[in-house]
Every structure is written in C-alpha cells, then in structure tokens.
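Structure data (mmCIF, C-alpha atoms) from query_9.cif:
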data_start
loop_
_atom_site.label_atom_id
_atom_site.label_comp_id
_atom_site.auth_asym_id
_atom_site.auth_seq_id
_atom_site.Cartn_x
_atom_site.Cartn_y
_atom_site.Cartn_z
CA MET A 1 -13.47 -17.45 30.83
CA ASN A 2 -16.66 -17.70 28.82
CA HIS A 3 -16.17 -18.57 25.12
CA GLU A 4 -19.77 -19.19 24.12
CA ARG A 5 -19.88 -16.66 21.27
CA SER A 6 -16.50 -17.76 19.88
CA ARG A 7 -17.68 -21.35 19.95
CA GLY A 8 -20.80 -20.38 18.02
CA LEU A 9 -18.80 -18.41 15.46
CA TYR A 10 -16.48 -21.36 14.97
CA ASP A 11 -19.42 -23.65 14.41
CA ARG A 12 -20.68 -21.30 11.69
CA ALA A 13 -17.19 -20.99 10.20
CA LEU A 14 -16.87 -24.77 9.88
CA SER A 15 -19.85 -24.71 7.53
CA VAL A 16 -18.29 -22.27 5.07
CA MET A 17 -14.48 -22.39 5.50
CA PRO A 18 -12.12 -25.42 5.52
CA GLY A 19 -11.30 -26.15 9.13
CA GLY A 20 -13.19 -23.00 10.09
CA VAL A 21 -10.17 -20.76 9.46
CA ASN A 22 -8.38 -18.94 6.65
CA SER A 23 -4.88 -19.82 7.87
CA SER A 24 -3.92 -23.17 9.35
CA VAL A 25 -2.06 -21.74 12.35
CA ARG A 26 -5.29 -20.18 13.65
CA ALA A 27 -6.93 -23.58 14.19
CA THR A 28 -6.40 -23.97 17.93
CA MET A 29 -7.85 -26.64 20.19
CA PRO A 30 -10.63 -27.10 21.06
CA HIS A 31 -11.55 -24.06 18.96
CA PRO A 32 -10.06 -20.60 18.39
CA PHE A 33 -11.33 -17.53 20.14
CA PHE A 34 -12.58 -14.93 17.67
CA VAL A 35 -11.11 -11.45 18.06
CA GLU A 36 -13.49 -8.52 18.10
CA ARG A 37 -10.92 -5.72 18.33
CA GLY A 38 -7.41 -4.79 19.36
CA ASP A 39 -6.37 -2.30 22.00
CA GLY A 40 -2.68 -1.39 22.22
CA GLY A 41 -0.85 -4.56 23.21
CA HIS A 42 -4.09 -6.43 23.87
CA VAL A 43 -6.95 -8.09 22.01
CA ILE A 44 -10.55 -8.48 23.13
CA ASP A 45 -12.44 -11.51 21.90
CA ALA A 46 -16.08 -11.91 20.85
CA ASP A 47 -17.06 -12.80 24.43
CA GLY A 48 -15.37 -9.75 25.93
CA ASN A 49 -12.30 -11.59 27.28
CA ARG A 50 -9.12 -9.51 27.24
CA TYR A 51 -5.66 -10.93 26.49
CA VAL A 52 -2.13 -9.60 26.43
CA ASP A 53 -1.28 -10.19 22.77
CA TRP A 54 2.22 -11.47 22.01
CA VAL A 55 1.19 -12.91 18.62
CA MET A 56 1.02 -9.46 17.01
CA GLY A 57 -0.56 -10.80 13.83
CA TYR A 58 2.42 -13.22 13.56
CA GLY A 59 4.85 -10.34 13.30
CA PRO A 60 3.59 -7.34 11.29
CA LEU A 61 2.36 -5.24 14.21
CA LEU A 62 5.43 -3.35 15.39
CA TYR A 63 3.13 -0.81 17.09
CA GLY A 64 0.50 -3.19 18.34
CA HIS A 65 -3.13 -2.41 17.62
CA ASP A 66 -2.96 1.38 18.05
CA LEU A 67 -1.08 2.99 15.19
CA PRO A 68 0.97 6.11 15.96
CA ASP A 69 -0.79 9.26 14.74
CA PRO A 70 1.50 9.81 11.71
CA VAL A 71 0.97 6.24 10.53
CA GLU A 72 -2.78 6.42 10.97
CA ALA A 73 -2.91 9.77 9.18
CA ALA A 74 -0.91 8.40 6.24
CA VAL A 75 -3.25 5.42 5.92
CA GLN A 76 -6.40 7.51 6.14
CA SER A 77 -5.20 10.06 3.60
CA HIS A 78 -4.50 7.39 1.00
CA VAL A 79 -7.75 5.54 1.70
CA ALA A 80 -9.65 8.79 1.21
CA ALA A 81 -7.90 9.45 -2.11
CA GLY A 82 -9.12 6.18 -3.63
CA PRO A 83 -8.32 2.50 -2.98
CA MET A 84 -5.96 1.82 -5.91
CA TYR A 85 -5.36 2.85 -9.51
CA GLY A 86 -3.52 0.34 -11.68
CA ALA A 87 -0.84 3.02 -12.14
CA PRO A 88 2.28 4.00 -10.17
CA THR A 89 2.12 6.43 -7.24
CA GLU A 90 4.75 8.64 -5.62
CA VAL A 91 4.51 6.86 -2.27
CA GLU A 92 5.84 3.65 -3.90
CA VAL A 93 8.99 5.47 -4.93
CA GLU A 94 9.43 7.08 -1.51
CA HIS A 95 9.00 3.77 0.29
CA ALA A 96 11.50 2.07 -2.01
CA GLU A 97 14.01 4.88 -1.46
CA PHE A 98 13.68 4.56 2.33
CA VAL A 99 14.28 0.80 2.27
CA ALA A 100 17.24 1.15 -0.08
CA ARG A 101 18.84 3.73 2.23
CA HIS A 102 18.68 1.51 5.28
CA VAL A 103 19.02 -2.17 4.26
CA PRO A 104 22.59 -3.14 3.25
CA SER A 105 21.62 -5.52 0.44
CA VAL A 106 18.97 -3.37 -1.23
CA GLU A 107 19.72 -1.20 -4.23
CA SER A 108 16.48 -1.96 -6.05
CA ILE A 109 13.18 -3.42 -4.84
CA ARG A 110 9.96 -4.89 -6.24
CA PHE A 111 6.90 -4.73 -3.98
CA VAL A 112 4.40 -7.60 -4.07
CA ASN A 113 1.48 -8.72 -1.90
CA SER A 114 2.69 -11.39 0.52
CA GLY A 115 5.75 -13.08 1.91
CA THR A 116 4.91 -16.16 -0.10
CA GLU A 117 4.73 -14.13 -3.32
CA ALA A 118 8.07 -12.56 -2.45
CA THR A 119 9.86 -15.88 -1.99
CA VAL A 120 8.21 -17.43 -5.06
CA SER A 121 9.40 -14.47 -7.13
CA ALA A 122 12.89 -14.57 -5.59
CA VAL A 123 13.34 -18.24 -6.49
CA ARG A 124 12.18 -17.58 -10.06
CA LEU A 125 14.52 -14.58 -10.27
CA ALA A 126 17.50 -16.62 -9.02
CA ARG A 127 16.86 -19.33 -11.59
CA GLY A 128 16.49 -16.77 -14.35
CA HIS A 129 19.62 -14.88 -13.29
CA THR A 130 21.88 -17.96 -13.07
CA ASP A 131 20.27 -20.21 -15.70
CA ARG A 132 20.31 -22.95 -13.05
CA ASP A 133 17.47 -24.91 -11.46
CA LYS A 134 18.45 -26.16 -8.00
CA ILE A 135 17.68 -24.33 -4.76
CA VAL A 136 19.26 -25.11 -1.38
CA VAL A 137 16.88 -24.67 1.58
CA MET A 138 17.10 -25.40 5.29
CA GLN A 139 15.26 -28.36 6.78
CA GLY A 140 12.57 -26.84 8.98
CA GLY A 141 12.84 -23.43 7.35
CA TYR A 142 9.69 -21.82 6.03
CA HIS A 143 9.41 -19.71 2.89
CA GLY A 144 5.69 -19.51 2.34
CA ALA A 145 3.24 -21.77 0.56
CA GLN A 146 5.24 -22.42 -2.60
CA GLU A 147 6.00 -25.66 -4.42
CA SER A 148 9.78 -25.26 -4.53
CA THR A 149 10.19 -25.03 -0.75
CA LEU A 150 7.34 -27.12 0.68
CA VAL A 151 9.83 -29.96 0.59
CA GLU A 152 11.28 -32.32 3.19
CA GLY A 153 14.05 -34.87 3.21
CA SER A 154 17.68 -34.49 2.15
CA PRO A 155 19.62 -33.84 -1.06
CA GLY A 156 18.87 -36.67 -3.47
CA ASP A 157 15.91 -37.84 -1.39
CA ALA A 158 13.62 -34.80 -1.23
CA HIS A 159 9.84 -35.07 -1.36
CA PRO A 160 6.92 -32.63 -1.16
CA SER A 161 5.86 -31.98 2.43
CA THR A 162 2.18 -31.68 1.50
CA LYS A 163 -0.27 -33.29 -0.85
CA GLY A 164 -0.98 -31.42 -4.05
CA ILE A 165 2.64 -30.95 -5.16
CA PRO A 166 4.06 -33.27 -7.83
CA GLU A 167 7.19 -35.17 -6.86
CA ALA A 168 8.96 -33.50 -9.79
CA PHE A 169 8.89 -30.17 -8.00
CA ALA A 170 11.12 -31.57 -5.25
CA GLU A 171 13.78 -32.78 -7.69
CA HIS A 172 15.41 -29.36 -7.85
CA THR A 173 15.25 -28.62 -4.10
CA LEU A 174 18.17 -29.57 -1.84
CA PRO A 175 17.20 -29.51 1.88
CA ILE A 176 20.08 -29.40 4.38
CA PRO A 177 20.15 -28.91 8.17
CA PHE A 178 20.42 -25.32 9.39
CA ASN A 179 23.74 -24.60 11.13
CA ASP A 180 25.44 -27.62 9.54
CA GLU A 181 28.46 -26.19 7.71
CA ALA A 182 29.66 -29.63 6.63
CA ALA A 183 26.32 -30.37 4.96
CA ALA A 184 26.42 -27.02 3.15
CA LYS A 185 29.91 -27.68 1.84
CA GLU A 186 28.95 -31.20 0.81
CA VAL A 187 25.89 -30.13 -1.19
CA PHE A 188 27.94 -27.54 -3.04
CA ALA A 189 30.70 -30.04 -3.70
CA GLU A 190 28.18 -32.34 -5.38
CA HIS A 191 25.82 -29.82 -7.04
CA GLY A 192 27.68 -26.50 -7.06
CA ASP A 193 27.38 -25.80 -10.78
CA GLU A 194 23.63 -26.56 -10.66
CA ILE A 195 22.69 -24.42 -7.64
CA ALA A 196 20.89 -21.17 -8.46
CA ALA A 197 20.60 -20.00 -4.86
CA VAL A 198 20.65 -20.74 -1.16
CA LEU A 199 17.37 -19.61 0.41
CA VAL A 200 17.71 -19.19 4.18
CA GLU A 201 16.11 -17.33 7.05
CA PRO A 202 18.85 -15.48 8.99
CA ILE A 203 17.16 -16.99 12.05
CA LEU A 204 14.87 -20.00 11.80
CA ALA A 205 11.78 -18.09 12.91
CA ASN A 206 9.00 -20.52 12.08
CA LYS A 207 10.64 -23.38 13.91
CA GLY A 208 10.84 -22.14 17.48
CA ILE A 209 13.53 -19.50 16.82
CA VAL A 210 16.94 -21.05 16.13
CA MET A 211 19.89 -18.65 16.05
CA PRO A 212 22.79 -19.26 13.66
CA ILE A 213 26.04 -20.59 15.03
CA GLU A 214 29.00 -18.26 14.65
CA GLY A 215 30.28 -18.25 11.08
CA TYR A 216 27.39 -20.16 9.51
CA HIS A 217 26.07 -17.38 7.29
CA GLU A 218 29.63 -16.42 6.37
CA THR A 219 30.12 -19.99 5.16
CA LEU A 220 26.99 -19.79 3.02
CA ARG A 221 28.17 -16.44 1.64
CA ASP A 222 31.56 -17.88 0.69
CA LEU A 223 30.06 -20.98 -0.92
CA CYS A 224 27.69 -18.91 -3.03
CA ASP A 225 30.52 -16.63 -4.13
CA ASP A 226 32.77 -19.57 -5.01
CA HIS A 227 30.12 -21.30 -7.11
CA GLY A 228 28.32 -18.36 -8.73
CA SER A 229 25.10 -18.92 -6.76
CA LEU A 230 22.90 -16.28 -5.14
CA LEU A 231 22.49 -15.98 -1.37
CA ILE A 232 18.87 -15.11 -0.56
CA PHE A 233 17.94 -14.04 2.96
CA ASP A 234 14.27 -14.55 3.74
CA GLU A 235 13.62 -11.64 6.11
CA VAL A 236 9.84 -11.81 5.96
CA ILE A 237 9.81 -12.26 9.75
CA THR A 238 13.13 -10.72 10.81
CA GLY A 239 13.00 -7.74 8.47
CA PHE A 240 12.73 -4.44 10.40
CA ARG A 241 12.35 -6.41 13.64
CA VAL A 242 15.79 -7.95 14.19
CA GLY A 243 18.62 -5.47 13.71
CA GLY A 244 16.30 -2.46 13.50
CA LEU A 245 16.08 -0.64 10.19
CA GLY A 246 19.08 -2.55 8.84
CA CYS A 247 17.31 -5.91 9.41
CA ALA A 248 18.97 -9.15 10.54
CA GLN A 249 21.63 -8.94 7.82
CA SER A 250 23.05 -5.84 9.50
CA LYS A 251 23.00 -7.55 12.89
CA PHE A 252 24.94 -10.55 11.57
CA GLY A 253 27.17 -8.57 9.23
CA VAL A 254 26.47 -10.71 6.17
CA THR A 255 25.04 -9.11 3.03
CA PRO A 256 22.94 -11.38 0.79
CA ASP A 257 22.44 -10.88 -2.94
CA VAL A 258 18.66 -10.83 -2.58
CA THR A 259 16.36 -10.25 0.41
CA THR A 260 12.67 -11.07 0.70
CA PHE A 261 10.43 -9.01 2.97
CA GLY A 262 6.87 -9.04 4.31
CA LYS A 263 4.98 -8.19 7.50
CA ILE A 264 6.45 -4.96 8.98
CA ILE A 265 7.47 -3.48 5.62
CA GLY A 266 3.71 -3.06 4.94
CA GLY A 267 2.78 -1.58 8.31
CA GLY A 268 0.23 -4.31 9.04
CA PHE A 269 -1.31 -4.43 5.58
CA PRO A 270 -0.83 -7.25 2.99
CA VAL A 271 2.65 -6.93 1.52
CA GLY A 272 5.79 -8.61 0.29
CA ALA A 273 8.95 -7.37 -1.42
CA ILE A 274 12.09 -8.60 -3.14
CA GLY A 275 15.16 -6.38 -2.83
CA GLY A 276 18.81 -6.71 -3.72
CA LYS A 277 21.54 -5.72 -6.10
CA ALA A 278 20.17 -3.63 -8.97
CA GLU A 279 21.73 -5.86 -11.62
CA ILE A 280 19.80 -8.82 -10.17
CA ILE A 281 16.45 -7.22 -9.29
CA GLU A 282 16.27 -5.58 -12.72
CA GLY A 283 15.97 -9.07 -14.11
CA PHE A 284 12.23 -8.71 -13.40
CA THR A 285 10.01 -7.62 -16.27
CA PRO A 286 9.71 -5.09 -17.80
CA ALA A 287 13.42 -4.31 -17.26
CA GLY A 288 14.47 -7.95 -17.66
CA GLU A 289 13.17 -11.31 -18.78
CA VAL A 290 11.88 -12.88 -15.53
CA PHE A 291 8.13 -12.36 -15.47
CA GLN A 292 6.67 -10.80 -12.33
CA SER A 293 3.48 -8.78 -12.01
CA GLY A 294 0.49 -8.24 -9.71
CA THR A 295 -2.71 -6.20 -9.67
CA PHE A 296 -2.32 -5.08 -6.06
CA SER A 297 1.48 -4.78 -5.98
CA GLY A 298 2.61 -1.45 -4.55
CA HIS A 299 -0.90 -0.78 -3.23
CA PRO A 300 -0.89 2.90 -2.17
CA VAL A 301 -2.46 2.28 1.24
CA THR A 302 0.06 -0.44 2.04
CA MET A 303 2.94 1.68 0.77
CA ALA A 304 1.81 4.64 2.87
CA ALA A 305 1.44 2.45 5.96
CA GLY A 306 4.83 0.79 5.48
CA LYS A 307 6.69 4.02 4.78
CA ALA A 308 5.14 5.84 7.75
CA THR A 309 5.80 2.83 10.00
CA LEU A 310 9.51 2.77 9.20
CA GLU A 311 9.87 6.56 9.33
CA TYR A 312 8.29 6.66 12.80
CA ALA A 313 10.67 3.93 13.96
CA ALA A 314 13.62 5.93 12.62
CA GLU A 315 12.58 9.05 14.53
CA ASN A 316 11.55 7.53 17.87
CA ASP A 317 12.77 5.01 20.45
CA VAL A 318 10.74 2.15 18.97
CA TYR A 319 13.49 -0.46 18.74
CA GLU A 320 14.96 0.42 22.14
CA HIS A 321 11.51 -0.09 23.68
CA VAL A 322 10.53 -3.36 21.97
CA ASN A 323 13.99 -4.89 22.39
CA ARG A 324 14.10 -3.99 26.08
CA LEU A 325 10.75 -5.68 26.69
CA GLY A 326 11.87 -8.69 24.66
CA ARG A 327 14.94 -9.09 26.81
CA GLN A 328 12.92 -8.67 30.02
CA LEU A 329 10.59 -11.44 28.91
CA ARG A 330 13.40 -13.80 27.93
CA GLU A 331 15.32 -13.18 31.15
CA GLY A 332 12.20 -13.54 33.28
CA ILE A 333 11.08 -16.73 31.57
CA ALA A 334 14.62 -18.14 31.85
CA GLU A 335 14.55 -17.57 35.62
CA ILE A 336 11.19 -19.32 35.90
CA CYS A 337 12.36 -22.26 33.79
CA ALA A 338 15.60 -22.59 35.78
CA GLU A 339 13.48 -23.12 38.87
CA ARG A 340 10.59 -25.17 37.50
CA ALA A 341 11.60 -26.68 34.15
CA PRO A 342 15.40 -26.49 33.71
CA GLU A 343 15.22 -28.65 30.59
CA TYR A 344 13.38 -25.90 28.68
CA THR A 345 15.33 -23.52 26.42
CA VAL A 346 14.42 -19.83 26.15
CA VAL A 347 15.16 -18.49 22.68
CA GLY A 348 14.91 -15.25 20.76
CA THR A 349 16.60 -11.93 20.16
CA ASP A 350 15.60 -8.28 19.89
CA SER A 351 11.77 -8.22 20.03
CA MET A 352 11.27 -11.98 19.43
CA PHE A 353 10.87 -14.64 22.13
CA LYS A 354 9.80 -18.23 22.63
CA THR A 355 10.27 -21.13 25.04
CA ILE A 356 11.19 -24.48 23.48
CA PHE A 357 10.16 -27.46 25.55
CA THR A 358 13.46 -29.28 25.10
CA ARG A 359 13.98 -32.49 27.04
CA GLU A 360 17.53 -32.29 28.43
CA ALA A 361 18.62 -30.06 31.29
CA PRO A 362 22.20 -28.76 31.62
CA ASP A 363 24.23 -29.53 34.71
CA ASP A 364 24.46 -25.83 35.60
CA VAL A 365 21.38 -23.78 34.69
CA ASP A 366 23.01 -20.65 36.12
CA ALA A 367 25.67 -20.76 33.40
CA CYS A 368 23.16 -20.49 30.54
CA CYS A 369 22.50 -17.51 28.25
CA PRO A 370 20.08 -15.39 30.32
CA GLY A 371 18.56 -13.34 27.51
CA GLY A 372 17.83 -16.16 25.07
CA CYS A 373 20.02 -18.80 23.39
CA ARG A 374 22.91 -17.21 21.47
CA GLN A 375 24.60 -20.46 20.37
CA ASP A 376 27.46 -19.64 22.71
CA PRO A 377 29.90 -22.59 22.89
CA ASP A 378 30.74 -21.58 26.48
CA CYS A 379 27.10 -21.86 27.58
CA ALA A 380 26.27 -24.88 29.75
CA ARG A 381 23.25 -25.59 27.53
CA TYR A 382 25.15 -25.39 24.23
CA ASP A 383 25.21 -29.12 23.43
CA ALA A 384 21.49 -29.53 24.15
CA CYS A 385 20.10 -26.29 22.73
CA PRO A 386 18.30 -26.54 19.36
CA LYS A 387 20.53 -25.90 16.35
CA THR A 388 18.33 -27.30 13.60
CA GLY A 389 14.64 -27.55 12.80
CA ALA A 390 14.78 -31.23 13.71
CA ASP A 391 16.04 -30.35 17.19
CA VAL A 392 12.97 -28.20 17.79
CA ALA A 393 10.66 -30.86 16.37
CA ALA A 394 12.14 -33.33 18.88
CA ALA A 395 10.95 -31.17 21.79
CA ALA A 396 7.72 -31.81 23.73
CA THR A 397 5.69 -30.01 21.08
CA ASP A 398 2.31 -31.46 22.07
CA ARG A 399 2.74 -30.16 25.61
CA TRP A 400 2.81 -26.59 24.26
CA GLU A 401 -0.34 -26.94 22.19
CA ARG A 402 -2.43 -29.21 24.39
CA VAL A 403 -1.51 -27.94 27.86
CA PHE A 404 0.64 -24.82 28.09
CA TRP A 405 -1.10 -22.68 25.47
CA GLN A 406 -4.46 -23.48 27.03
CA GLU A 407 -3.22 -22.56 30.51
CA MET A 408 -1.82 -19.25 29.29
CA LYS A 409 -5.00 -18.41 27.39
CA ASP A 410 -7.06 -19.05 30.53
CA ARG A 411 -4.80 -16.55 32.32
CA GLY A 412 -5.39 -13.88 29.70
CA VAL A 413 -2.15 -14.26 27.72
CA PHE A 414 -2.33 -14.85 23.96
CA LEU A 415 0.66 -16.80 22.62
CA THR A 416 1.22 -18.47 19.26
CA ALA A 417 -0.66 -21.74 19.38
CA ASN A 418 2.12 -24.19 18.53
CA GLN A 419 5.71 -24.80 19.57
CA PHE A 420 7.12 -23.51 16.29
CA GLU A 421 5.74 -20.00 15.64
CA CYS A 422 7.62 -17.18 17.38
CA GLN A 423 6.18 -14.34 19.47
CA PHE A 424 6.77 -10.60 19.39
CA THR A 425 6.80 -7.52 21.54
CA SER A 426 5.39 -4.23 20.27
CA TYR A 427 5.72 -0.52 20.97
CA ALA A 428 2.28 -0.65 22.63
CA HIS A 429 3.32 -3.22 25.23
CA THR A 430 4.28 -2.13 28.72
CA GLU A 431 6.34 -3.48 31.60
CA ALA A 432 3.02 -4.25 33.31
CA ASP A 433 2.19 -6.54 30.39
CA VAL A 434 5.55 -8.26 30.87
CA GLU A 435 4.95 -8.77 34.59
CA ARG A 436 1.46 -10.12 34.01
CA THR A 437 2.83 -12.55 31.45
CA LEU A 438 5.66 -13.73 33.69
CA GLU A 439 3.18 -14.34 36.50
CA ALA A 440 1.10 -16.47 34.12
CA TYR A 441 4.27 -18.39 33.17
CA ARG A 442 5.00 -19.05 36.85
CA GLU A 443 1.55 -20.56 37.28
CA ALA A 444 1.43 -22.48 33.99
CA ILE A 445 4.89 -24.10 33.97
#

Just give me the structure of the file as structure tokens.
Amino acid sequence: MNHERSRGLYDRALSVMPGGVNSSVRATMPHPFFVERGDGGHVIDADGNRYVDWVMGYGPLLYGHDLPDPVEAAVQSHVAAGPMYGAPTEVEVEHAEFVARHVPSVESIRFVNSGTEATVSAVRLARGHTDRDKIVVMQGGYHGAQESTLVEGSPGDAHPSTKGIPEAFAEHTLPIPFNDEAAAKEVFAEHGDEIAAVLVEPILANKGIVMPIEGYHETLRDLCDDHGSLLIFDEVITGFRVGGLGCAQSKFGVTPDVTTFGKIIGGGFPVGAIGGKAEIIEGFTPAGEVFQSGTFSGHPVTMAAGKATLEYAAENDVYEHVNRLGRQLREGIAEICAERAPEYTVVGTDSMFKTIFTREAPDDVDACCPGGCRQDPDCARYDACPKTGADVAAAATDRWERVFWQEMKDRGVFLTANQFECQFTSYAHTEADVERTLEAYREAI
C-alpha cells in the first residue's frame, strides 16, 4: 500500500498539533493513515487505500459510515433549522423519554457533550448526594480524562497516572482490581462510611475487554446498598451496544443508581449523558445544588441523531445483525488461534470483539469458550484468561502494536491500534467483511 499522502499530512500535523493528533490513541506507528471518507463498513484513506473498519470511531458508529435514511433525514432537518439556540428544544425531551423507557436505571437524564464530561459530572453528583469524598474505581478501568479517575495504585497508595494532576486528587480515589470480590469487601470494610460511589464499567472495555465473573456486580450492588454509597455504571462504551436498548445493565441484571453514557446515544455526534434515579439526578442545578451546565449540552443535531439512531434500532433487526457478525468473528478468530496461537484469548460479547495476546495456553483448546471469554469456571482457559486490567497488561501488548496491527493494516483491515481498545461490528458490515478479516487473521497470526 502507498501511504505517501498520509505521511505528508502527518508531517504537517506534527508542526501544529501535539504528536500530530487530537487524541492519543490515533498516534500509530510509524504514522497514522489519514481517512478521507467512510463507506458503509469501510474507510478510504488519503491515498485511496480501502480498509474494512472495525474501529467504528471507537464505538459510536452503530450503523457504520452510511446512516439509515431516517437518521440522516433527522440530522439534516435539524442542521437546516439552525445549529443551536441556547434554549431547550422538543427533541431533547423526546430523546430523554426514549432512554428512560428502555434503560432500567434511568428515570431522569442530563445530556452533556462527552463521555468524560458525563463521568466527571457523575462523580461530582455522587459526592454531592452522599456528602462523602471517596470514589472506588477499578484498576485498568477508564472513565475519561478526569482527575479523580486518572489514578493508579491501590487503596492507601494511589497516585495520579499522568503528569499534571496534583497528588492530592488521588487521596480520595480507591483503586481495586476488577473481579476481585475480596478486595471490594475489604475497601468497604475500611472506608465504607467515606465512600460516595463505586464507578465501574460493566465490562472493562478499554483494557482488552474483560467480562465480569459471575456475581461480581451483584457484590458491588450489595456493598453500596449496605454502606449508603452509589453504584455508577460507566456505559459510555457498552451503552446501547451490549444488551441492546437496555444496555449492559439489562444483560447482567444489575441496576445501578447512576449510569453514564456517550458514543451511540449521540448517533455519532459529540455527546455524553448522566441518567439514574430521579431523586439523585435532580441533584443537578437548577433543581438541586450540584452545579452542572454546558453551552452545547442537548445540542439539537446530536439529540436528533441519537433519538433517530435508537428508534431505528428498536424498529429493525440492528442488534440481531451486529451481534451475529460479532459472534462469527469471535468464533472464527478462536478457531484460527486454536491452530496457530493457542495461548491467545478471544474476548468480547454482542457486537464487541478483541484478541488478547495472553502468554499461557490451556491443555485443551477445544474446551474453551468459542464465542469469546465468558469467565466460565468450567472452561479450560478459565485460570489463564484475563480477569483484571493487570492481566491484560501482562499480555504481549507490544506484539499487537508493532507487528500484528501493521500486518492487518497492510491486508486492508483497520483494527484499534493497541492491545487495550476494543473493536466493534456495525449494521453496515457484511459476512464478506467477516470472511475477509478472518483470512487476514490467518495470514497475520
């Protein structure tokens, strides 16, 4: 493949943007390819190279790059009416009503502009609601670029995970391993009357996709109830992708007090949202005393896109299609790995998939979960499959970025550029795209 124009664009970008990109995950080696346009389940770069796109904008693009006619019409009608107003619009109310009808935890919702803004606001809301300061998070979990959660370490020894954050910000954050019920019980035993909330992704989705072990979220729910803390599910990635319109909380049967959203809820446009019990969400100003506001919040174009996106999914076979392709990919990749790299673990659920380059192979690869790791104790891979963020970090992560991603790109398949970010199917993808991708896997692994 020729990448001459992308290389030139990157050289220009380095002169005017830090690292040549506007989001760190786009900085691939030796340089990113620059996308010119999307086409269904594909992207075409600045040099005319075509790729099957499984990145899908890192999750928002449930329909790929070609919006269904009703979604496109809704977007165009609101663009034509004027970009935004600084006043409420009817479509905000309609979108909120749709979400509240379908997501178990949502009685009231506040729309914002990004997943990061949603989680920042949710943490502030939890602290204001409980009059407590401490937040429990999962080691390796990701909740946006906010000071309270860009933290690493353990309870009592937590530190910022990036420069630019004072050590004092980490004092009120308690990181524990995902899927470790004993650690959760221990942190509540020591700090229970200080904990405002547990903030957790239903599935670790920015750390290679780690499914919860059976009963883990129920344990968190019970601990929060026993100690008067809030359970916050960060469904920025899983929302309206895992579990369909009911989101991951409906799939796992655990209802949080507060849920954060992003990505699909805005139909591909910038968005975030905080939903939950009315008595909690109404703590936001002007109804309550927790300040929250934003110039672009509830942007009419975003609201129209998000509402039309979810309505189309409710009326068509969208989730059946994307979940079927997701399972075909996971099963196909698992077969390839069983033959060529039995130590690797295929992970994911619904329309999410990834391969973690774990280092230990089970004795019987035929007795492993075929459609992606389900944390099944009867699975031959159970003891070696990743259960925490640290387990994923211990995999051969450089191999993905330095070798495998490059090989797949050269074969016309666009995957997320590091071991940790997950990948997604869309309504625009086809079984031919799946077969092409599996053939590339066979050659690259």

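Among the candidates A:Ala168, A:Val52, A:Val106, A:Ala74, the residue lying nearest to Ile274 of chain A is A:Val106 (atoms considered: all atoms listed in the file).
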
Fill in: Exercise: residues within 6 Å of coordinate (6.7, -10.3, 12.0), counting only C-alpha atoms, as a list in words
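Within 6 Å of (6.7, -10.3, 12.0), the protein and nucleic acid residues are Tyr58, Gly59, Pro60, Ile237 and Lys263 of chain A.
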
Please dump the current selection as a short mmCIF file (atom, residue, chain, number, x, y, z; two decimals), keeping the file's coordinate frame; keep C-alpha atoms.
data_model
loop_
_atom_site.label_atom_id
_atom_site.label_comp_id
_atom_site.auth_asym_id
_atom_site.auth_seq_id
_atom_site.Cartn_x
_atom_site.Cartn_y
_atom_site.Cartn_z
CA TYR A 58 2.42 -13.22 13.56
CA GLY A 59 4.85 -10.34 13.30
CA PRO A 60 3.59 -7.34 11.29
CA ILE A 237 9.81 -12.26 9.75
CA LYS A 263 4.98 -8.19 7.50
#

Worksheet item: Hey, what comes out of the PyMOL selection byres ((chain A and resi 171) around 10) on this file? Could you write it as a PyMOL selection string?
Response: chain A and resi 133-135+148+151+155-160+166-170+172-174

Practice prompt. Go through the shown structure with the PyMOL selection byres ((chain A and resi 100) around 12) and write out the matching residues as JSON, numbers by chain.
Written response: {"A": [93, 94, 95, 96, 97, 98, 99, 101, 102, 103, 104, 105, 106, 107, 108, 109, 110, 245, 246, 247, 259, 273, 274, 275, 276, 277, 278, 307]}

Practice prompt. Please indicate the distance in Å from atom CA of Thr89 of chain A to atom CA of Gln292 of chain A, rounded to one decimal place.
Written response: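 We find that atom CA of Thr89 of chain A and atom CA of Gln292 of chain A lie 18.5 Å from each other.
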
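Residue nearest Gly38 of chain A within the list A:Glu443, A:Asp350, A:Asp53, A:Glu311: A:Asp53 [criterion: smallest interatomic distance, all atoms listed in the file].
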
Test item: residues at most 9 Å from Gly332 of chain A, all atoms listed in the file, excluding those fewer than 5 positions along its chain, as a PDB file with C-alpha atoms, in the frame of the given file:
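The result, stored in result_1.pdb:
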ATOM      1  CA  ARG A 327      14.940  -9.090  26.810  1.00  0.00           C
ATOM      2  CA  CYS A 337      12.360 -22.260  33.790  1.00  0.00           C
ATOM      3  CA  PRO A 370      20.080 -15.390  30.320  1.00  0.00           C
ATOM      4  CA  GLY A 371      18.560 -13.340  27.510  1.00  0.00           C
ATOM      5  CA  VAL A 434       5.550  -8.260  30.870  1.00  0.00           C
ATOM      6  CA  GLU A 435       4.950  -8.770  34.590  1.00  0.00           C
ATOM      7  CA  LEU A 438       5.660 -13.730  33.690  1.00  0.00           C
TER       8      LEU A 438
END

Practice prompt. Check the smallest atom-to-atom distance from each of A:His78, A:Arg359, A:Lys185, A:Arg340 to Ala305 of chain A using only C-alpha atoms, then report the winner.
Written response: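 Looking at the shortest contact to Ala305 of chain A, the residue is A:His78.
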
Worksheet item: Any idea what's packed within 9 Å of segment 113-125 of chain A, counting all atoms listed in the file, ignoring anything in its chain fewer than 6 positions away? Could you give it as a count of residues only?
Response: 39

Worksheet item: Using all atoms listed in the file, which of the listed residues (A:Gln423, A:Asn49, A:Thr397, A:Gln249) sits closest to Arg5 of chain A?
Response: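 That would be A:Asn49, the residue with the smallest distance to Arg5 of chain A.
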
Practice prompt. Tell me which of A:Ala395, A:Cys422, A:Leu329, A:Ala361 sits closest to Tyr441 of chain A, counting only C-alpha atoms.
Written response: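 Looking at the shortest contact to Tyr441 of chain A, the residue is A:Leu329.
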
Practice prompt. Name the residues in contact with Val79 of chain A at a cut-off of 12 Å, using all atoms listed in the file, excluding same-chain residues fewer than 6 positions from it; report them as a PyMOL selection string.
Written response: chain A and resi 72-73+85+299-305

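Here atom CA of Ser229 of chain A is placed at a distance of 7.4 Å from atom CA of Val198 of chain A.
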